[in-house]
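Data first, discussion second: the structure below is written as structure tokens.
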Amino acid sequence: MTDAKQPLTLPDRENAAVEFKTTLSDSRKIIETIAAMATIGGGTIWVGVRPDGTPVGCELGEGELERLVQRILAATDPKVYVTLDDPEHEGQRLLRIQVPAGDGAHLAYGRAFHRVGPATVAMTRDEYERRLV
């Protein structure tokens, strides 16, 4: 999917707009982070990267990306249309999930989330209502 000729620069640490995930195994947490990032202005989730920024690679089974996109669309409200690609870095295949900036607060599984530094946090009802104004 990605042009292998372009060098890839991996962020050196997590922050509000960057999240590292070692695997796709906890798609619920990934989808919550997608909703949070859309709420705060967008960001990028790197799958196949340890929390310390070390790339370890990501194995993607046949149809796995399509299933992930369907889960994201089913769980987010308003729907978040992410962009996926699988660049290579230091010999490791990664999954890059680019989250666009949303228009207001986004929900995942019926709950509102936002980013506080590198953490995805559920919003209180008051925080969510303030964002709706």
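Identifiers in this document derive from the order of the structure tokens: chains are assigned A, B, ..., residues are numbered from 1 separately in each chain, and ligands are numbered from 1 in order of occurrence.
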
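Residues in contact range of Gly57 of chain A, defined as at most 12 Å between only C-alpha atoms, with sequence neighbours fewer than 2 positions away removed, read A:Phe20, A:Lys21, A:Thr22, A:Thr23, A:Leu24, A:Trp46, A:Val47, A:Gly48, A:Val49, A:Arg50, A:Gly53, A:Thr54, A:Pro55, A:Glu59, A:Leu60, A:Asp86, A:Pro87, A:Glu88, A:His89, A:Glu90, A:Gly91, A:Gln92, A:Arg93, A:Leu94, A:Leu95, A:Arg96.
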
Residues of chain A in strand (DSSP E), written as an NGL selection string: :A and (18-21 or 43-47 or 76-77 or 83-85 or 88-89 or 92-93 or 95-99 or 107-108 or 111-116 or 119-122)

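We find atom CA of Gly102 of chain A and atom CA of Glu32 of chain A to be spaced 13.8 Å apart.
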
Write out as a count of residues only each polymer residue whose atoms come within 9 Å of Arg13 of chain A, counting only C-alpha atoms; drop sequence neighbours fewer than 5 positions from it. 7

Could you please write out, as a PyMOL selection string, every residue of chain A that DSSP assigns to helix (DSSP H, G or I)? chain A and resi 27-40+64-75+125-132

As an MDAnalysis selection string, please: the residues near Ala122 of chain A (cut-off 8 Å, only C-alpha atoms, same-chain neighbours under 6 positions excluded). chainID A and resid 111:114

Which of these, A:Thr120, A:Lys79, A:Glu64, A:Leu8, has the shortest distance to Ile30 of chain A once you count only C-alpha atoms?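 Using only C-alpha atoms, Ile30 of chain A sits closest to A:Thr120.
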
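When only C-alpha atoms are used to compute distances to Ala101 of chain A, the closest of the residues A:Val82, A:Ile45, A:Leu65, A:Cys58 turns out to be A:Val82.
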